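Pasted below: coords.pdb, PDB, C-alpha atoms, pLDDT in the B column.
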ATOM      1  CA  MET A   1     113.231 100.352 115.122  1.00 90.00           C
ATOM      2  CA  LYS A   2     114.714  97.814 112.718  1.00 94.00           C
ATOM      3  CA  ASP A   3     112.959  94.930 114.494  1.00 96.00           C
ATOM      4  CA  TYR A   4     109.636  96.807 114.309  1.00 97.00           C
ATOM      5  CA  LEU A   5     109.817  97.643 110.599  1.00 97.00           C
ATOM      6  CA  THR A   6     111.072  94.153 109.778  1.00 97.00           C
ATOM      7  CA  ALA A   7     108.115  92.623 111.620  1.00 98.00           C
ATOM      8  CA  ILE A   8     105.684  94.755 109.600  1.00 98.00           C
ATOM      9  CA  SER A   9     107.388  93.927 106.306  1.00 98.00           C
ATOM     10  CA  GLU A  10     107.330  90.191 107.108  1.00 98.00           C
ATOM     11  CA  GLY A  11     103.664  90.183 108.174  1.00 97.00           C
ATOM     12  CA  ASP A  12     104.416  89.595 111.847  1.00 98.00           C
ATOM     13  CA  ALA A  13     101.739  91.855 113.344  1.00 97.00           C
ATOM     14  CA  THR A  14     102.045  90.023 116.665  1.00 97.00           C
ATOM     15  CA  ARG A  15     105.632  91.189 117.095  1.00 97.00           C
ATOM     16  CA  ALA A  16     104.921  94.672 115.706  1.00 98.00           C
ATOM     17  CA  SER A  17     102.011  95.063 118.163  1.00 97.00           C
ATOM     18  CA  GLU A  18     104.275  94.123 121.067  1.00 96.00           C
ATOM     19  CA  LEU A  19     106.777  96.772 120.014  1.00 96.00           C
ATOM     20  CA  ASP A  20     104.306  99.601 119.402  1.00 97.00           C
ATOM     21  CA  GLN A  21     101.951  98.956 122.337  1.00 94.00           C
ATOM     22  CA  HIS A  22     103.299 101.966 124.273  1.00 92.00           C
ATOM     23  CA  ALA A  23     103.142 104.228 121.190  1.00 94.00           C
ATOM     24  CA  ILE A  24      99.524 103.220 120.467  1.00 94.00           C
ATOM     25  CA  GLU A  25      98.593 104.064 124.053  1.00 90.00           C
ATOM     26  CA  VAL A  26     100.318 107.456 123.768  1.00 88.00           C
ATOM     27  CA  GLU A  27      98.641 108.199 120.424  1.00 87.00           C
ATOM     28  CA  THR A  28      95.105 107.190 121.424  1.00 85.00           C
ATOM     29  CA  THR A  29      94.669 107.922 125.127  1.00 82.00           C
ATOM     30  CA  ASN A  30      92.390 110.880 125.847  1.00 70.00           C
ATOM     31  CA  LYS A  31      91.804 111.582 122.169  1.00 75.00           C
ATOM     32  CA  PRO A  32      88.478 111.511 120.275  1.00 74.00           C
ATOM     33  CA  ILE A  33      89.607 108.451 118.318  1.00 74.00           C
ATOM     34  CA  ALA A  34      89.506 106.394 121.523  1.00 70.00           C
ATOM     35  CA  GLU A  35      85.706 106.610 121.488  1.00 75.00           C
ATOM     36  CA  TYR A  36      85.095 105.241 117.996  1.00 80.00           C
ATOM     37  CA  GLY A  37      88.219 103.349 116.991  1.00 86.00           C
ATOM     38  CA  ASP A  38      89.189  99.674 117.065  1.00 91.00           C
ATOM     39  CA  PHE A  39      92.930  99.412 117.606  1.00 91.00           C
ATOM     40  CA  HIS A  40      93.392  95.635 117.602  1.00 91.00           C
ATOM     41  CA  THR A  41      91.067  93.712 115.251  1.00 92.00           C
ATOM     42  CA  LEU A  42      93.020  94.412 112.047  1.00 95.00           C
ATOM     43  CA  ARG A  43      96.515  94.432 113.546  1.00 95.00           C
ATOM     44  CA  THR A  44      96.846  90.642 113.262  1.00 94.00           C
ATOM     45  CA  ASP A  45      99.146  88.272 111.434  1.00 95.00           C
ATOM     46  CA  ALA A  46      96.277  87.019 109.219  1.00 95.00           C
ATOM     47  CA  VAL A  47      95.381  90.516 108.016  1.00 96.00           C
ATOM     48  CA  LEU A  48      98.967  91.681 107.527  1.00 96.00           C
ATOM     49  CA  LEU A  49     100.119  88.466 105.834  1.00 96.00           C
ATOM     50  CA  ALA A  50      97.270  88.756 103.305  1.00 96.00           C
ATOM     51  CA  ALA A  51      98.179  92.388 102.543  1.00 96.00           C
ATOM     52  CA  GLU A  52     100.728  93.762 100.148  1.00 97.00           C
ATOM     53  CA  ARG A  53     103.370  94.856 102.647  1.00 97.00           C
ATOM     54  CA  ILE A  54     106.146  97.400 102.847  1.00 98.00           C
ATOM     55  CA  GLU A  55     109.484  96.261 101.485  1.00 97.00           C
ATOM     56  CA  ASP A  56     113.039  97.455 100.899  1.00 97.00           C
ATOM     57  CA  VAL A  57     113.131  99.340 104.212  1.00 97.00           C
ATOM     58  CA  VAL A  58     116.243 101.459 104.747  1.00 97.00           C
ATOM     59  CA  ILE A  59     116.718 103.240 108.076  1.00 96.00           C
ATOM     60  CA  ASP A  60     118.698 106.481 108.024  1.00 94.00           C
ATOM     61  CA  SER A  61     121.731 106.112 110.290  1.00 88.00           C
ATOM     62  CA  LYS A  62     121.422 109.760 111.385  1.00 87.00           C
ATOM     63  CA  THR A  63     118.767 110.605 113.953  1.00 88.00           C
ATOM     64  CA  ARG A  64     117.432 114.020 114.893  1.00 91.00           C
ATOM     65  CA  THR A  65     116.903 115.133 118.483  1.00 90.00           C
ATOM     66  CA  ILE A  66     113.463 116.486 119.337  1.00 91.00           C
ATOM     67  CA  ASP A  67     113.417 119.784 121.239  1.00 89.00           C
ATOM     68  CA  GLY A  68     117.120 119.352 121.999  1.00 88.00           C
ATOM     69  CA  ASP A  69     116.463 116.244 124.116  1.00 88.00           C
ATOM     70  CA  GLU A  70     119.117 113.573 123.428  1.00 91.00           C
ATOM     71  CA  ASN A  71     116.749 110.927 124.812  1.00 91.00           C
ATOM     72  CA  HIS A  72     113.922 111.851 122.402  1.00 94.00           C
ATOM     73  CA  ARG A  73     114.762 111.316 118.733  1.00 94.00           C
ATOM     74  CA  SER A  74     113.242 111.147 115.291  1.00 95.00           C
ATOM     75  CA  VAL A  75     114.361 108.273 113.063  1.00 96.00           C
ATOM     76  CA  ALA A  76     113.807 108.613 109.307  1.00 96.00           C
ATOM     77  CA  PHE A  77     113.491 105.694 106.911  1.00 97.00           C
ATOM     78  CA  THR A  78     112.484 104.857 103.355  1.00 97.00           C
ATOM     79  CA  TYR A  79     110.434 101.943 102.046  1.00 97.00           C
ATOM     80  CA  ASP A  80     108.494 100.777  99.012  1.00 97.00           C
ATOM     81  CA  LEU A  81     104.775 100.049  98.975  1.00 97.00           C
ATOM     82  CA  ASP A  82     102.739  99.222  95.892  1.00 94.00           C
ATOM     83  CA  GLU A  83     105.916  99.773  93.850  1.00 93.00           C
ATOM     84  CA  GLN A  84     106.098 103.376  95.077  1.00 95.00           C
ATOM     85  CA  PRO A  85     109.025 104.797  97.087  1.00 96.00           C
ATOM     86  CA  ASN A  86     108.055 106.447 100.372  1.00 96.00           C
ATOM     87  CA  GLU A  87     109.657 108.291 103.261  1.00 95.00           C
ATOM     88  CA  ALA A  88     108.578 108.396 106.886  1.00 96.00           C
ATOM     89  CA  SER A  89     109.920 108.973 110.359  1.00 96.00           C
ATOM     90  CA  LEU A  90     109.013 107.763 113.817  1.00 96.00           C
ATOM     91  CA  GLU A  91     109.837 109.108 117.258  1.00 95.00           C
ATOM     92  CA  VAL A  92     111.672 107.064 119.852  1.00 95.00           C
ATOM     93  CA  MET A  93     112.399 107.737 123.530  1.00 93.00           C
ATOM     94  CA  TRP A  94     115.196 106.248 125.628  1.00 92.00           C
ATOM     95  CA  ASN A  95     113.763 104.122 128.440  1.00 90.00           C
ATOM     96  CA  GLU A  96     116.206 104.218 131.335  1.00 91.00           C
ATOM     97  CA  GLN A  97     114.528 101.297 133.118  1.00 91.00           C
ATOM     98  CA  THR A  98     114.997  98.897 130.216  1.00 90.00           C
ATOM     99  CA  SER A  99     118.037 100.617 128.667  1.00 91.00           C
ATOM    100  CA  GLU A 100     116.342 100.482 125.268  1.00 91.00           C
ATOM    101  CA  TRP A 101     114.815 102.857 122.746  1.00 91.00           C
ATOM    102  CA  GLU A 102     111.013 102.744 122.876  1.00 93.00           C
ATOM    103  CA  LEU A 103     108.618 103.857 120.142  1.00 95.00           C
ATOM    104  CA  GLU A 104     106.739 107.078 120.904  1.00 94.00           C
ATOM    105  CA  THR A 105     104.884 107.044 117.588  1.00 94.00           C
ATOM    106  CA  SER A 106     103.644 104.024 115.674  1.00 96.00           C
ATOM    107  CA  PHE A 107     103.720 103.105 111.996  1.00 96.00           C
ATOM    108  CA  THR A 108      99.929 102.779 111.853  1.00 95.00           C
ATOM    109  CA  LEU A 109      97.075 104.695 110.299  1.00 93.00           C
ATOM    110  CA  LEU A 110      93.313 104.761 110.522  1.00 93.00           C
ATOM    111  CA  LEU A 111      91.191 102.809 108.055  1.00 95.00           C
ATOM    112  CA  PHE A 112      87.542 103.816 107.641  1.00 94.00           C
ATOM    113  CA  ILE A 113      85.144 101.339 105.985  1.00 94.00           C
ATOM    114  CA  ASP A 114      81.559 102.458 105.667  1.00 93.00           C
ATOM    115  CA  ALA A 115      78.295 102.098 103.781  1.00 94.00           C
ATOM    116  CA  LYS A 116      76.621 105.260 102.549  1.00 94.00           C
ATOM    117  CA  ALA A 117      73.008 105.478 101.398  1.00 94.00           C
ATOM    118  CA  SER A 118      72.841 109.299 101.139  1.00 90.00           C
ATOM    119  CA  THR A 119      74.691 112.359 102.322  1.00 86.00           C
ATOM    120  CA  THR A 120      73.124 111.919 105.767  1.00 89.00           C
ATOM    121  CA  ARG A 121      72.765 108.127 106.051  1.00 90.00           C
ATOM    122  CA  ILE A 122      76.069 106.417 106.715  1.00 91.00           C
ATOM    123  CA  GLU A 123      77.202 103.581 108.985  1.00 91.00           C
ATOM    124  CA  ALA A 124      80.133 101.266 109.520  1.00 91.00           C
ATOM    125  CA  ALA A 125      79.998  98.527 106.886  1.00 92.00           C
ATOM    126  CA  PRO A 126      80.430  94.841 107.715  1.00 93.00           C
ATOM    127  CA  PHE A 127      83.397  93.464 105.763  1.00 94.00           C
ATOM    128  CA  ARG A 128      85.945  90.686 105.232  1.00 94.00           C
ATOM    129  CA  ILE A 129      89.650  91.368 105.016  1.00 94.00           C
ATOM    130  CA  GLY A 130      92.806  89.300 105.034  1.00 82.00           C
ATOM    131  CA  GLY A 131      91.168  86.153 103.712  1.00 67.00           C
ATOM    132  CA  ASP A 132      89.066  84.895 106.591  1.00 79.00           C
ATOM    133  CA  VAL A 133      88.854  87.871 108.953  1.00 86.00           C
ATOM    134  CA  HIS A 134      85.179  88.836 109.181  1.00 88.00           C
ATOM    135  CA  VAL A 135      84.212  92.108 110.879  1.00 89.00           C
ATOM    136  CA  GLU A 136      80.560  92.683 111.683  1.00 83.00           C
ATOM    137  CA  ALA A 137      79.066  94.370 114.714  1.00 72.00           C
ATOM    138  CA  THR A 138      75.922  92.907 116.230  1.00 70.00           C
ATOM    139  CA  ASP A 139      74.753  96.473 116.883  1.00 74.00           C
ATOM    140  CA  PRO A 140      75.577  98.847 113.968  1.00 70.00           C
ATOM    141  CA  GLU A 141      75.312 101.854 116.276  1.00 72.00           C
ATOM    142  CA  LEU A 142      78.180 100.453 118.380  1.00 76.00           C
ATOM    143  CA  ALA A 143      80.337  99.378 115.428  1.00 83.00           C
ATOM    144  CA  PRO A 144      83.783 100.987 115.235  1.00 87.00           C
ATOM    145  CA  LEU A 145      84.035 103.751 112.677  1.00 84.00           C
ATOM    146  CA  ALA A 146      87.786 103.331 112.243  1.00 90.00           C
ATOM    147  CA  TYR A 147      90.381 100.578 112.528  1.00 93.00           C
ATOM    148  CA  LEU A 148      94.088 100.868 113.144  1.00 94.00           C
ATOM    149  CA  VAL A 149      96.198  99.155 110.457  1.00 96.00           C
ATOM    150  CA  TYR A 150      99.795  98.944 109.356  1.00 97.00           C
ATOM    151  CA  PRO A 151     100.604 100.439 105.945  1.00 97.00           C
ATOM    152  CA  GLY A 152      99.784  97.996 103.181  1.00 97.00           C
ATOM    153  CA  GLY A 153      97.625  97.088 100.239  1.00 97.00           C
ATOM    154  CA  TYR A 154      94.385  95.511 101.474  1.00 97.00           C
ATOM    155  CA  THR A 155      91.537  93.690  99.751  1.00 96.00           C
ATOM    156  CA  ILE A 156      88.227  94.506 101.421  1.00 96.00           C
ATOM    157  CA  VAL A 157      85.006  92.679 100.623  1.00 95.00           C
ATOM    158  CA  GLY A 158      81.663  94.045 101.787  1.00 94.00           C
ATOM    159  CA  ALA A 159      79.936  91.414 103.943  1.00 92.00           C
ATOM    160  CA  PHE A 160      76.357  92.290 103.091  1.00 93.00           C
ATOM    161  CA  PRO A 161      73.994  91.272 100.251  1.00 94.00           C
ATOM    162  CA  GLU A 162      75.168  92.433  96.838  1.00 94.00           C
ATOM    163  CA  GLU A 163      71.643  93.602  96.016  1.00 94.00           C
ATOM    164  CA  LEU A 164      72.096  96.460  98.515  1.00 95.00           C
ATOM    165  CA  LEU A 165      74.822  98.020  96.344  1.00 96.00           C
ATOM    166  CA  SER A 166      74.050 101.030  94.191  1.00 95.00           C
ATOM    167  CA  PRO A 167      74.268 100.375  90.421  1.00 94.00           C
ATOM    168  CA  GLY A 168      77.852 100.154  89.212  1.00 93.00           C
ATOM    169  CA  GLU A 169      79.267  99.428  92.678  1.00 94.00           C
ATOM    170  CA  ASP A 170      81.359  96.356  93.511  1.00 95.00           C
ATOM    171  CA  LEU A 171      81.594  94.379  96.766  1.00 95.00           C
ATOM    172  CA  THR A 172      85.383  94.026  96.462  1.00 95.00           C
ATOM    173  CA  ARG A 173      87.788  96.923  96.964  1.00 94.00           C
ATOM    174  CA  THR A 174      91.549  97.079  96.787  1.00 94.00           C
ATOM    175  CA  LEU A 175      92.993  99.853  98.893  1.00 95.00           C
ATOM    176  CA  VAL A 176      96.539 100.995  99.546  1.00 96.00           C
ATOM    177  CA  ALA A 177      96.720 102.411 103.064  1.00 95.00           C
ATOM    178  CA  ASP A 178      99.912 104.395 103.362  1.00 95.00           C
ATOM    179  CA  TYR A 179     101.564 106.585 105.957  1.00 85.00           C
ATOM    180  CA  PRO A 180     100.957 109.357 106.958  1.00 84.00           C
ATOM    181  CA  GLY A 181      97.243 109.999 107.045  1.00 86.00           C
ATOM    182  CA  ASP A 182      94.104 107.950 106.948  1.00 91.00           C
ATOM    183  CA  ALA A 183      92.628 105.582 104.375  1.00 95.00           C
ATOM    184  CA  SER A 184      88.994 104.946 103.610  1.00 95.00           C
ATOM    185  CA  THR A 185      86.596 103.137 101.358  1.00 95.00           C
ATOM    186  CA  THR A 186      82.863 103.648 101.044  1.00 95.00           C
ATOM    187  CA  PHE A 187      80.284 101.256  99.666  1.00 96.00           C
ATOM    188  CA  ALA A 188      77.477 103.213  97.989  1.00 96.00           C
ATOM    189  CA  VAL A 189      74.265 101.358  98.827  1.00 96.00           C
ATOM    190  CA  THR A 190      70.552 101.771  98.142  1.00 95.00           C
ATOM    191  CA  ARG A 191      69.849 101.076 101.802  1.00 93.00           C
ATOM    192  CA  LEU A 192      72.121 100.566 104.765  1.00 92.00           C
ATOM    193  CA  PRO A 193      73.117  96.979 105.698  1.00 91.00           C
ATOM    194  CA  SER A 194      71.475  97.340 109.124  1.00 88.00           C
ATOM    195  CA  GLU A 195      68.054  98.168 107.674  1.00 86.00           C
TER     196      GLU A 195
END

Show the structure stored in the file as structure tokens.
Amino acid sequence: MKDYLTAISEGDATRASELDQHAIEVETTNKPIAEYGDFHTLRTDAVLLAAERIEDVVIDSKTRTIDGDENHRSVAFTYDLDEQPNEASLEVMWNEQTSEWELETSFTLLLFIDAKASTTRIEAAPFRIGGDVHVEATDPELAPLAYLVYPGGYTIVGAFPEELLSPGEDLTRTLVADYPGDASTTFAVTRLPSE
């Protein structure tokens, strides 16, 4: 657990992704999110290094068994993000084959980024994040509606012409995505980027 949270706080998404691969599979397999989510594109070093990351992580030395199973535990911890103190917990399971604790839940959340022209006309918005990471689907109907990210403060820039924005809107958004729950940002536009 310490290695995982340290990797996230240091911007090492590569290491964090190795450690939570099993948990991501458990959390997404056979669930509706599997049909419309992108679980890898934004879980990269470039994106996480450019984000404001968690810091001052303290893991509680006491764990709680889940359903009385000594091999299935909940581990609580505290951290700061965007100068705000937070609490969270993750589940771990003892893996007898490797003789190690394995994550059963991940420290990730869904990020929704869309363009909205009316209450009925909405689509995934093309965007840039983490400096040079550009996300744009060639077919807007096949574009992911949600991305998996680690908690952090992200700068998102709409990657479509500024003249599509509704009056008073801005192409750049700063968003703190924090656990638990989902995060989202919507660009109000006069017409959708795909039109």

Which residue gives the smallest distance to A:Ala23 among A:Ile66, A:Met93, A:Ile122, A:Leu142, with all atoms listed in the file counted?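 Looking only at the distances to A:Ala23, the closest residue turns out to be A:Met93.
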
Nearest to A:Glu70 among A:Leu164, A:Val92, A:Ala51, A:Val149, with distances taken over only C-alpha atoms: which residue is it? A:Val92

Please build the interface table for stretch 127-156 of chain A against stretch 1-9 of chain A with a cut-off of 12 Å, listing for each qualifying residue the nearest atom pair and the distance in Å to one decimal; count only C-alpha atoms, order rows by chain and increasing number, and write it as JSON lines.
{"residue": "A:Val149", "atom": "CA", "partner": "A:Ile8", "partner_atom": "CA", "distance": 10.5}
{"residue": "A:Tyr150", "atom": "CA", "partner": "A:Ile8", "partner_atom": "CA", "distance": 7.2}
{"residue": "A:Pro151", "atom": "CA", "partner": "A:Ile8", "partner_atom": "CA", "distance": 8.5}
{"residue": "A:Gly152", "atom": "CA", "partner": "A:Ser9", "partner_atom": "CA", "distance": 9.2}
{"residue": "A:Gly153", "atom": "CA", "partner": "A:Ser9", "partner_atom": "CA", "distance": 11.9}

Any chance you could export the current selection's C-alpha atoms as an mmCIF file, in the coordinates of the input?
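Below is the file that was written, again23.cif:
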data_model
loop_
_atom_site.group_PDB
_atom_site.id
_atom_site.type_symbol
_atom_site.label_atom_id
_atom_site.label_comp_id
_atom_site.auth_asym_id
_atom_site.auth_seq_id
_atom_site.Cartn_x
_atom_site.Cartn_y
_atom_site.Cartn_z
ATOM 1 C CA VAL A 149 96.198 99.155 110.457
ATOM 2 C CA TYR A 150 99.795 98.944 109.356
ATOM 3 C CA PRO A 151 100.604 100.439 105.945
ATOM 4 C CA GLY A 152 99.784 97.996 103.181
ATOM 5 C CA GLY A 153 97.625 97.088 100.239
#

Let me know the residues the PyMOL selection byres ((chain A and resi 132) around 12) catches in the file above, as a list in words.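 Selection result, ordered by chain and number: Leu42, Thr44, Asp45, Ala46, Val47, Leu49, Ala50, Phe127, Arg128, Ile129, Gly130, Gly131, Val133, His134, Val135, Thr155, Ile156, Val157 and Ala159 of chain A.
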
Written file, previous selection with C-alpha atoms, as a PDB file, in the coordinates of the input:
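Result went into out00.pdb, see below:
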ATOM      1  CA  LEU A  42      93.020  94.412 112.047  1.00 95.00           C
ATOM      2  CA  THR A  44      96.846  90.642 113.262  1.00 94.00           C
ATOM      3  CA  ASP A  45      99.146  88.272 111.434  1.00 95.00           C
ATOM      4  CA  ALA A  46      96.277  87.019 109.219  1.00 95.00           C
ATOM      5  CA  VAL A  47      95.381  90.516 108.016  1.00 96.00           C
ATOM      6  CA  LEU A  49     100.119  88.466 105.834  1.00 96.00           C
ATOM      7  CA  ALA A  50      97.270  88.756 103.305  1.00 96.00           C
ATOM      8  CA  PHE A 127      83.397  93.464 105.763  1.00 94.00           C
ATOM      9  CA  ARG A 128      85.945  90.686 105.232  1.00 94.00           C
ATOM     10  CA  ILE A 129      89.650  91.368 105.016  1.00 94.00           C
ATOM     11  CA  GLY A 130      92.806  89.300 105.034  1.00 82.00           C
ATOM     12  CA  GLY A 131      91.168  86.153 103.712  1.00 67.00           C
ATOM     13  CA  VAL A 133      88.854  87.871 108.953  1.00 86.00           C
ATOM     14  CA  HIS A 134      85.179  88.836 109.181  1.00 88.00           C
ATOM     15  CA  VAL A 135      84.212  92.108 110.879  1.00 89.00           C
ATOM     16  CA  THR A 155      91.537  93.690  99.751  1.00 96.00           C
ATOM     17  CA  ILE A 156      88.227  94.506 101.421  1.00 96.00           C
ATOM     18  CA  VAL A 157      85.006  92.679 100.623  1.00 95.00           C
ATOM     19  CA  ALA A 159      79.936  91.414 103.943  1.00 92.00           C
TER      20      ALA A 159
END

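When the PyMOL selection byres ((chain A and resi 100-105) around 8) is evaluated against the file, it yields Met1, Leu19, Asp20, His22, Ala23, Ile24, Val26, Glu27, Leu90, Glu91, Val92, Met93, Trp94, Asn95, Glu96, Thr98, Ser99, Ser106 and Phe107 of chain A.
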
To test your reading of the syntax: which residues would the PyMOL selection byres ((chain A and resi 162) around 12) return for the file shown? Reply as a PyMOL selection string. chain A and resi 157-161+163-172+187-193

So, with all atoms listed in the file as the atoms that count, which of A:Asp38, A:Glu25, A:Asp114, A:Asp80 lies closest to A:Tyr147?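 Smallest distance to A:Tyr147 is found for A:Asp38.
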
Out of A:Ala34, A:Glu83, A:Arg53, A:Thr28, which residue has the shortest atom-to-atom distance to A:Gly11 when counting only C-alpha atoms?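 Answer, going by the shortest atom-to-atom distance: A:Arg53.
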
What's around A:Thr186 at 8 Å? Count only C-alpha atoms, leave out sequence neighbours fewer than 3 positions away in its own chain, and write the answer as a VMD selection string. chain A and resid 113 to 116

Have a look at atom CA of A:Ala177 and atom CA of A:Thr78 and let me know their distance in Å, one decimal.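 Value for the atom CA of A:Ala177-atom CA of A:Thr78 distance: 16.0 Å.
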
Residue with smallest distance to A:Glu195 - pool A:Thr108, A:Glu141, A:Leu148, A:Leu175, counting only C-alpha atoms: A:Glu141

What does the structure give for the distance between atom CA of A:Glu52 and atom CA of A:Ala125, in Å to one decimal?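 Those two atoms sit 22.3 Å apart.
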